[in-house]
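Shown next: target_37.cif, containing mmCIF, C-alpha atoms.
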```cif
data_my_file
loop_
_atom_site.group_PDB
_atom_site.id
_atom_site.type_symbol
_atom_site.label_atom_id
_atom_site.label_comp_id
_atom_site.auth_asym_id
_atom_site.auth_seq_id
_atom_site.Cartn_x
_atom_site.Cartn_y
_atom_site.Cartn_z
ATOM 1 C CA MET A 1190 41.104 26.760 -19.371
ATOM 2 C CA ILE A 1191 40.159 27.196 -15.723
ATOM 3 C CA ALA A 1192 42.549 24.688 -14.225
ATOM 4 C CA VAL A 1193 45.464 25.899 -16.274
ATOM 5 C CA ALA A 1194 48.923 24.679 -15.500
ATOM 6 C CA ALA A 1195 50.087 26.794 -12.600
ATOM 7 C CA THR A 1196 53.646 27.950 -13.024
ATOM 8 C CA THR A 1197 54.963 29.887 -10.071
ATOM 9 C CA ALA A 1198 54.388 29.120 -6.419
ATOM 10 C CA ALA A 1199 52.178 32.192 -5.883
ATOM 11 C CA GLU A 1200 49.932 31.273 -8.792
ATOM 12 C CA ARG A 1201 49.699 27.692 -7.612
ATOM 13 C CA ALA A 1202 48.711 29.030 -4.201
ATOM 14 C CA GLU A 1203 45.956 31.140 -5.780
ATOM 15 C CA LEU A 1204 44.644 28.094 -7.621
ATOM 16 C CA LEU A 1205 44.772 25.968 -4.480
ATOM 17 C CA THR A 1206 42.826 28.659 -2.595
ATOM 18 C CA PHE A 1207 40.331 29.319 -5.358
ATOM 19 C CA ILE A 1208 39.122 25.766 -5.916
ATOM 20 C CA PRO A 1209 38.171 24.870 -2.306
ATOM 21 C CA LEU A 1210 36.609 28.305 -1.790
ATOM 22 C CA ALA A 1211 34.597 27.961 -5.013
ATOM 23 C CA VAL A 1212 33.343 24.501 -4.037
ATOM 24 C CA LEU A 1213 32.497 25.674 -0.511
ATOM 25 C CA SER A 1214 30.655 28.773 -1.738
ATOM 26 C CA VAL A 1215 28.534 26.797 -4.234
ATOM 27 C CA VAL A 1216 27.752 24.096 -1.669
ATOM 28 C CA THR A 1217 26.703 26.621 0.984
ATOM 29 C CA ALA A 1218 24.597 28.537 -1.551
ATOM 30 C CA ILE A 1219 22.748 25.369 -2.578
ATOM 31 C CA GLY A 1220 22.357 24.407 1.077
ATOM 32 C CA MET A 1221 20.913 27.830 1.855
ATOM 33 C CA VAL A 1222 18.261 27.465 -0.840
ATOM 34 C CA THR A 1223 17.331 23.877 0.017
ATOM 35 C CA SER A 1224 17.410 24.044 3.820
ATOM 36 C CA ARG A 1225 13.964 23.830 5.422
ATOM 37 C CA ASN A 1226 15.063 25.681 8.538
ATOM 38 C CA ALA A 1227 15.530 29.416 7.944
ATOM 39 C CA VAL A 1228 18.187 29.667 10.675
ATOM 40 C CA TYR A 1229 20.341 27.065 8.895
ATOM 41 C CA SER A 1230 19.862 29.098 5.700
ATOM 42 C CA ALA A 1231 21.134 32.222 7.458
ATOM 43 C CA LEU A 1232 24.176 30.461 8.911
ATOM 44 C CA LEU A 1233 25.065 28.881 5.560
ATOM 45 C CA LEU A 1234 24.793 32.316 3.974
ATOM 46 C CA VAL A 1235 27.315 33.648 6.523
ATOM 47 C CA VAL A 1236 29.793 30.951 5.426
ATOM 48 C CA ASN A 1237 29.111 31.945 1.819
ATOM 49 C CA PHE A 1238 29.887 35.589 2.615
ATOM 50 C CA PHE A 1239 33.203 34.562 4.199
ATOM 51 C CA CYS A 1240 34.059 32.631 1.013
ATOM 52 C CA LEU A 1241 33.373 35.771 -1.019
ATOM 53 C CA ALA A 1242 35.650 37.749 1.296
ATOM 54 C CA GLY A 1243 38.341 35.185 0.483
ATOM 55 C CA PHE A 1244 37.777 35.731 -3.238
ATOM 56 C CA TYR A 1245 38.113 39.482 -2.731
ATOM 57 C CA VAL A 1246 41.517 38.945 -1.110
ATOM 58 C CA LEU A 1247 42.537 36.788 -4.079
ATOM 59 C CA LEU A 1248 41.357 39.576 -6.385
ATOM 60 C CA GLN A 1249 43.514 42.164 -4.552
ATOM 61 C CA ALA A 1250 40.490 43.928 -3.002
ATOM 62 C CA GLN A 1251 41.549 43.773 0.646
ATOM 63 C CA PHE A 1252 39.372 46.721 1.688
ATOM 64 C CA LEU A 1253 36.257 45.121 0.203
ATOM 65 C CA ALA A 1254 37.115 41.832 1.910
ATOM 66 C CA ALA A 1255 37.145 43.582 5.282
ATOM 67 C CA VAL A 1256 33.915 45.447 4.458
ATOM 68 C CA GLN A 1257 32.329 42.179 3.340
ATOM 69 C CA VAL A 1258 33.048 40.548 6.693
ATOM 70 C CA ILE A 1259 32.100 43.600 8.776
ATOM 71 C CA VAL A 1260 28.983 44.731 6.882
ATOM 72 C CA TYR A 1261 27.594 41.523 5.406
ATOM 73 C CA ALA A 1262 28.688 38.731 7.733
ATOM 74 C CA GLY A 1263 28.456 41.081 10.701
ATOM 75 C CA ALA A 1264 25.704 43.654 10.427
ATOM 76 C CA ILE A 1265 23.320 42.372 7.747
ATOM 77 C CA MET A 1266 23.278 38.748 8.884
ATOM 78 C CA VAL A 1267 22.781 39.793 12.504
ATOM 79 C CA LEU A 1268 19.769 41.784 11.305
ATOM 80 C CA PHE A 1269 18.452 38.717 9.459
ATOM 81 C CA LEU A 1270 18.891 36.465 12.481
ATOM 82 C CA PHE A 1271 17.341 39.100 14.736
ATOM 83 C CA VAL A 1272 14.211 39.267 12.573
ATOM 84 C CA LEU A 1273 14.111 35.454 12.343
ATOM 85 C CA MET A 1274 14.160 35.187 16.120
ATOM 86 C CA LEU A 1275 11.672 38.055 16.484
ATOM 87 C CA LEU A 1276 9.129 36.483 14.157
ATOM 88 C CA GLY A 1277 9.550 32.998 15.630
ATOM 89 C CA ILE A 1278 11.473 30.350 13.812
ATOM 90 C CA GLY A 1279 8.808 27.696 13.111
ATOM 91 C CA ASN A 1280 9.683 25.873 9.896
ATOM 92 C CA ASP A 1281 6.041 25.929 8.880
ATOM 93 C CA GLU A 1282 6.827 26.834 5.292
ATOM 94 C CA VAL A 1283 4.035 25.298 3.250
ATOM 95 C CA MET A 1284 5.592 22.821 0.889
ATOM 96 C CA SER A 1285 2.696 22.752 -1.578
ATOM 97 C CA GLU A 1286 3.255 24.703 -4.761
ATOM 98 C CA THR A 1287 1.189 27.807 -5.511
ATOM 99 C CA ILE A 1288 1.541 27.361 -9.250
ATOM 100 C CA PRO A 1289 1.446 23.706 -10.403
ATOM 101 C CA GLY A 1290 4.932 22.572 -11.354
ATOM 102 C CA GLN A 1291 6.518 25.703 -9.898
ATOM 103 C CA ARG A 1292 9.748 24.004 -8.797
ATOM 104 C CA VAL A 1293 10.280 22.223 -12.096
ATOM 105 C CA ILE A 1294 9.697 25.425 -14.056
ATOM 106 C CA ALA A 1295 12.029 27.342 -11.727
ATOM 107 C CA GLY A 1296 14.727 24.693 -12.191
ATOM 108 C CA VAL A 1297 14.393 24.740 -15.980
ATOM 109 C CA LEU A 1298 14.497 28.536 -16.071
ATOM 110 C CA GLY A 1299 17.536 28.525 -13.795
ATOM 111 C CA VAL A 1300 19.395 26.072 -16.021
ATOM 112 C CA LEU A 1301 18.507 28.164 -19.089
ATOM 113 C CA LEU A 1302 19.756 31.348 -17.395
ATOM 114 C CA LEU A 1303 22.989 29.654 -16.327
ATOM 115 C CA ALA A 1304 23.522 28.277 -19.851
ATOM 116 C CA ALA A 1305 22.947 31.712 -21.382
ATOM 117 C CA VAL A 1306 25.395 33.442 -19.022
ATOM 118 C CA VAL A 1307 28.034 30.702 -19.386
ATOM 119 C CA VAL A 1308 27.841 30.909 -23.174
ATOM 120 C CA ALA A 1309 28.063 34.701 -22.989
ATOM 121 C CA VAL A 1310 31.141 34.510 -20.739
ATOM 122 C CA LEU A 1311 32.913 31.890 -22.831
ATOM 123 C CA GLU A 1312 32.095 33.601 -26.132
ATOM 124 C CA GLY A 1313 32.946 37.030 -24.761
ATOM 125 C CA GLY A 1314 36.541 36.843 -25.904
ATOM 126 C CA LEU A 1315 37.936 37.385 -22.413
ATOM 127 C CA SER A 1316 41.060 35.397 -23.095
ATOM 128 C CA GLY A 1317 44.478 36.493 -22.009
ATOM 129 C CA GLY A 1318 45.785 37.781 -18.723
ATOM 130 C CA ALA A 1319 43.842 38.107 -15.503
ATOM 131 C CA GLY A 1320 45.085 41.629 -14.869
ATOM 132 C CA ASP A 1321 47.053 42.937 -11.944
ATOM 133 C CA LEU A 1322 46.372 45.661 -9.397
ATOM 134 C CA THR A 1323 49.777 45.730 -7.730
ATOM 135 C CA ALA A 1324 50.693 49.064 -9.295
ATOM 136 C CA VAL A 1325 47.328 50.672 -8.461
ATOM 137 C CA ASN A 1326 47.398 49.317 -4.917
ATOM 138 C CA GLN A 1327 50.819 50.825 -4.271
ATOM 139 C CA GLY A 1328 50.583 52.462 -0.865
ATOM 140 C CA GLY A 1329 47.532 50.454 0.185
ATOM 141 C CA ASN A 1330 44.288 49.262 -1.342
ATOM 142 C CA THR A 1331 42.190 51.140 1.217
ATOM 143 C CA GLN A 1332 43.984 54.407 0.495
ATOM 144 C CA ALA A 1333 43.539 53.976 -3.258
ATOM 145 C CA VAL A 1334 39.823 53.142 -2.971
ATOM 146 C CA GLY A 1335 39.299 56.039 -0.578
ATOM 147 C CA ARG A 1336 41.048 58.455 -2.921
ATOM 148 C CA LEU A 1337 38.780 57.346 -5.778
ATOM 149 C CA LEU A 1338 35.691 57.485 -3.553
ATOM 150 C CA PHE A 1339 36.298 61.075 -2.501
ATOM 151 C CA THR A 1340 37.293 62.421 -5.904
ATOM 152 C CA ARG A 1341 35.619 60.846 -8.903
ATOM 153 C CA TYR A 1342 32.709 59.258 -7.064
ATOM 154 C CA VAL A 1343 32.107 61.889 -4.406
ATOM 155 C CA PHE A 1344 28.609 62.691 -5.686
ATOM 156 C CA ALA A 1345 27.554 59.045 -5.584
ATOM 157 C CA PHE A 1346 29.082 58.825 -2.114
ATOM 158 C CA GLU A 1347 26.950 61.742 -0.882
ATOM 159 C CA ALA A 1348 23.873 60.235 -2.551
ATOM 160 C CA THR A 1349 24.358 56.912 -0.735
ATOM 161 C CA GLY A 1350 24.646 58.875 2.496
ATOM 162 C CA ILE A 1351 21.226 60.395 1.847
ATOM 163 C CA LEU A 1352 19.919 56.935 0.899
ATOM 164 C CA LEU A 1353 21.083 55.494 4.216
ATOM 165 C CA VAL A 1354 19.392 58.296 6.175
ATOM 166 C CA VAL A 1355 16.146 57.785 4.255
ATOM 167 C CA ALA A 1356 16.334 54.022 4.831
ATOM 168 C CA ALA A 1357 16.898 54.478 8.568
ATOM 169 C CA VAL A 1358 13.965 56.893 8.852
ATOM 170 C CA GLY A 1359 11.800 54.575 6.727
ATOM 171 C CA ALA A 1360 12.588 51.568 8.905
ATOM 172 C CA LEU A 1361 11.752 53.637 11.982
ATOM 173 C CA VAL A 1362 8.370 54.659 10.517
ATOM 174 C CA LEU A 1363 7.608 51.084 9.429
ATOM 175 C CA GLY A 1364 8.546 49.626 12.776
ATOM 176 C CA LYS A 1365 6.584 52.092 14.876
ATOM 177 C CA ARG A 1366 3.486 50.659 16.504
ATOM 178 C CA ARG A 1367 0.422 52.643 15.623
ATOM 179 C CA PRO A 1368 -1.873 53.365 18.543
ATOM 180 C CA MET B 933 49.428 31.554 -15.427
ATOM 181 C CA LYS B 934 46.936 33.080 -13.036
ATOM 182 C CA ILE B 935 43.322 32.036 -12.671
ATOM 183 C CA GLY B 936 41.595 33.901 -15.466
ATOM 184 C CA THR B 937 38.733 36.321 -15.055
ATOM 185 C CA ASN B 938 36.530 33.682 -16.676
ATOM 186 C CA ALA B 939 36.729 31.401 -13.644
ATOM 187 C CA TYR B 940 35.428 34.149 -11.370
ATOM 188 C CA LEU B 941 32.716 35.107 -13.872
ATOM 189 C CA LEU B 942 31.522 31.503 -14.172
ATOM 190 C CA LEU B 943 31.442 31.121 -10.385
ATOM 191 C CA SER B 944 29.525 34.393 -10.171
ATOM 192 C CA ALA B 945 27.020 33.088 -12.746
ATOM 193 C CA VAL B 946 26.510 29.876 -10.767
ATOM 194 C CA LEU B 947 25.915 31.759 -7.503
ATOM 195 C CA PHE B 948 23.550 34.199 -9.218
ATOM 196 C CA THR B 949 21.530 31.332 -10.722
ATOM 197 C CA ILE B 950 21.240 29.613 -7.345
ATOM 198 C CA GLY B 951 19.891 32.888 -5.966
ATOM 199 C CA VAL B 952 17.364 33.230 -8.806
ATOM 200 C CA VAL B 953 16.097 29.675 -8.326
ATOM 201 C CA GLY B 954 15.836 30.303 -4.593
ATOM 202 C CA VAL B 955 13.709 33.409 -5.131
ATOM 203 C CA LEU B 956 11.444 31.446 -7.487
ATOM 204 C CA VAL B 957 11.111 28.386 -5.251
ATOM 205 C CA ARG B 958 11.104 29.540 -1.640
ATOM 206 C CA ARG B 959 7.990 30.892 0.081
ATOM 207 C CA ASN B 960 9.425 32.265 3.304
ATOM 208 C CA ALA B 961 9.958 35.983 2.716
ATOM 209 C CA ILE B 962 13.123 36.092 4.869
ATOM 210 C CA VAL B 963 14.743 33.301 2.836
ATOM 211 C CA VAL B 964 13.713 35.102 -0.359
ATOM 212 C CA PHE B 965 15.587 38.150 0.983
ATOM 213 C CA MET B 966 18.654 36.018 1.653
ATOM 214 C CA CYS B 967 18.545 34.749 -1.930
ATOM 215 C CA VAL B 968 18.457 38.361 -3.160
ATOM 216 C CA GLU B 969 21.541 39.052 -1.033
ATOM 217 C CA LEU B 970 23.248 36.064 -2.628
ATOM 218 C CA MET B 971 22.509 37.475 -6.092
ATOM 219 C CA LEU B 972 23.893 40.899 -5.118
ATOM 220 C CA ASN B 973 27.051 39.233 -3.830
ATOM 221 C CA ALA B 974 27.447 37.226 -7.017
ATOM 222 C CA VAL B 975 27.320 40.416 -9.059
ATOM 223 C CA ASN B 976 29.813 42.053 -6.671
ATOM 224 C CA LEU B 977 32.214 39.184 -7.321
ATOM 225 C CA SER B 978 32.130 39.825 -11.060
ATOM 226 C CA PHE B 979 32.613 43.587 -10.449
ATOM 227 C CA VAL B 980 35.747 42.903 -8.431
ATOM 228 C CA ALA B 981 37.019 40.374 -10.977
ATOM 229 C CA PHE B 982 36.577 42.938 -13.755
ATOM 230 C CA ALA B 983 38.333 45.549 -11.611
ATOM 231 C CA ARG B 984 41.441 43.364 -11.468
ATOM 232 C CA ARG B 985 41.218 42.576 -15.157
ATOM 233 C CA ASN B 986 41.007 46.259 -16.118
ATOM 234 C CA GLY B 987 43.734 47.247 -13.700
ATOM 235 C CA THR B 988 41.606 50.009 -12.148
ATOM 236 C CA LEU B 989 39.742 50.286 -8.864
ATOM 237 C CA ASP B 990 36.442 51.557 -10.289
ATOM 238 C CA GLY B 991 34.871 48.095 -10.083
ATOM 239 C CA GLN B 992 35.751 47.881 -6.410
ATOM 240 C CA VAL B 993 34.160 51.278 -5.739
ATOM 241 C CA LEU B 994 31.013 50.137 -7.541
ATOM 242 C CA ALA B 995 30.921 46.942 -5.465
ATOM 243 C CA PHE B 996 31.206 49.130 -2.363
ATOM 244 C CA PHE B 997 28.159 51.124 -3.466
ATOM 245 C CA VAL B 998 26.249 47.895 -4.115
ATOM 246 C CA MET B 999 26.982 46.859 -0.530
ATOM 247 C CA VAL B 1000 25.631 50.183 0.796
ATOM 248 C CA VAL B 1001 22.453 49.890 -1.269
ATOM 249 C CA ALA B 1002 22.036 46.267 -0.169
ATOM 250 C CA ALA B 1003 22.280 47.323 3.472
ATOM 251 C CA ALA B 1004 19.609 50.000 2.971
ATOM 252 C CA GLU B 1005 17.411 47.520 1.112
ATOM 253 C CA VAL B 1006 17.665 44.941 3.883
ATOM 254 C CA VAL B 1007 16.767 47.508 6.538
ATOM 255 C CA VAL B 1008 13.622 48.654 4.728
ATOM 256 C CA GLY B 1009 12.665 45.154 3.552
ATOM 257 C CA LEU B 1010 12.913 43.607 6.983
ATOM 258 C CA GLY B 1011 10.980 46.572 8.399
ATOM 259 C CA ILE B 1012 8.156 45.891 5.942
ATOM 260 C CA LEU B 1013 8.336 42.198 6.817
ATOM 261 C CA VAL B 1014 7.972 42.876 10.542
ATOM 262 C CA ALA B 1015 5.038 45.232 9.845
ATOM 263 C CA ILE B 1016 3.311 42.566 7.720
ATOM 264 C CA PHE B 1017 3.997 39.889 10.320
ATOM 265 C CA ARG B 1018 2.386 42.001 13.036
ATOM 266 C CA LYS B 1019 -0.751 42.255 10.932
ATOM 267 C CA ARG B 1020 -0.970 38.700 9.570
ATOM 268 C CA SER B 1021 1.361 36.613 11.769
ATOM 269 C CA SER B 1022 2.780 34.932 8.688
ATOM 270 C CA ALA B 1023 6.023 35.369 6.769
ATOM 271 C CA SER B 1024 4.916 33.556 3.611
ATOM 272 C CA VAL B 1025 5.034 35.589 0.428
ATOM 273 C CA ASP B 1026 1.787 33.997 -0.778
ATOM 274 C CA ASP B 1027 -0.249 35.498 2.059
ATOM 275 C CA VAL B 1028 0.369 39.035 0.853
ATOM 276 C CA ASN B 1029 -0.822 38.730 -2.719
ATOM 277 C CA LEU B 1030 -3.230 41.657 -2.484
ATOM 278 C CA LEU B 1031 -2.363 45.331 -2.504
ATOM 279 C CA ARG B 1032 -4.960 46.164 0.151
ATOM 280 C CA GLY B 1033 -4.027 45.509 3.744
#
```

Entire entry expressed as structure tokens:
Amino acid sequence: MIAVAATTAAERAELLTFIPLAVLSVVTAIGMVTSRNAVYSALLLVVNFFCLAGFYVLLQAQFLAAVQVIVYAGAIMVLFLFVLMLLGIGNDEVMSETIPGQRVIAGVLGVLLLAAVVVAVLEGGLSGGAGDLTAVNQGGNTQAVGRLLFTRYVFAFEATGILLVVAAVGALVLGKRRP
Amino acid sequence: MKIGTNAYLLLSAVLFTIGVVGVLVRRNAIVVFMCVELMLNAVNLSFVAFARRNGTLDGQVLAFFVMVVAAAEVVVGLGILVAIFRKRSSASVDDVNLLRG
């Protein structure tokens, strides 16, 4: 079902790229959650973001892959590391549980959530082709996304602009030292 | 045959679940934020997978908006975190369980 017999060379290449990237992304995600040191968590998350950029390329979303690397792996993770360094690293995270049995309950709930989503995906009747964006991406993925962004979604685009301004002003107010 | 949409959706579900468990288990507020980012990225992956399946770019535009909102959220969240740390010199989510400062 997942590891279907690959026929052409291009499809075999996609399969051979997908499987290592999938394994790497899951391993780095688990490592991020389990690592005691917050800096290791941040660095593992950067690797995870690069894996996702690889998936975006496989899914014919080249623009999003570039944005993923620039915005997430670049800007957001630098912000995270900056705050980590600012607040002092100290891995003094208390390992006692606030609620008795918190980790066990969290694990059970996680497994239940995963089971529910997996069943929903497999029962969703999503059989058949994986789709193709070659025709839509004719003349460039970035151009096509930009055209959509400035026509059908122009209102949402303006709204996110306002959101970013408000967030910047809010961060400024929060970060200001009060006399 | 190409890798189906299902493979990407299942991977997205696994990453999302890891993020949920991380939010429930970890105490360091910065790591909790990172787990939220992981969940947002997992959902983005399924958006992009659905975009290819449907043969339109709307999913990719939506994923782009999710990235913008995530950036704004991180800026404000980390600002709040720094403000709390100045007051309490602690980044544990259990130390801020009261509404009053």

- Message: Tell me as an MDAnalysis selection string which residues belonging to chain B come within 6 Å of chain A, counting all atoms listed in the file.
- Response: chainID B and resid 933:934 936:937 939 949 953:954 956:957 984:985 987 1004 1008 1011

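Remark: for Ala974 of chain B, the closest of the candidate residues B:Ala1023, B:Ala1002, B:Leu947, B:Val1028 is B:Leu947 (distances computed over only C-alpha atoms).
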
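The gap separating atom CA of Phe1017 of chain B from atom CA of Glu1005 of chain B is 18.0 Å, in Å to one decimal.
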
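If you look at atom CA of Val975 of chain B and atom CA of Leu1010 of chain B, they are 21.8 Å away from each other.
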
- Task: Using only C-alpha atoms, determine which residues lie at most 7 Å from Gly951 of chain B, disregarding the query and same-chain residues fewer than 6 positions distant; provide the list as a PyMOL selection string.
- Result: chain B and resi 967-968+970-971
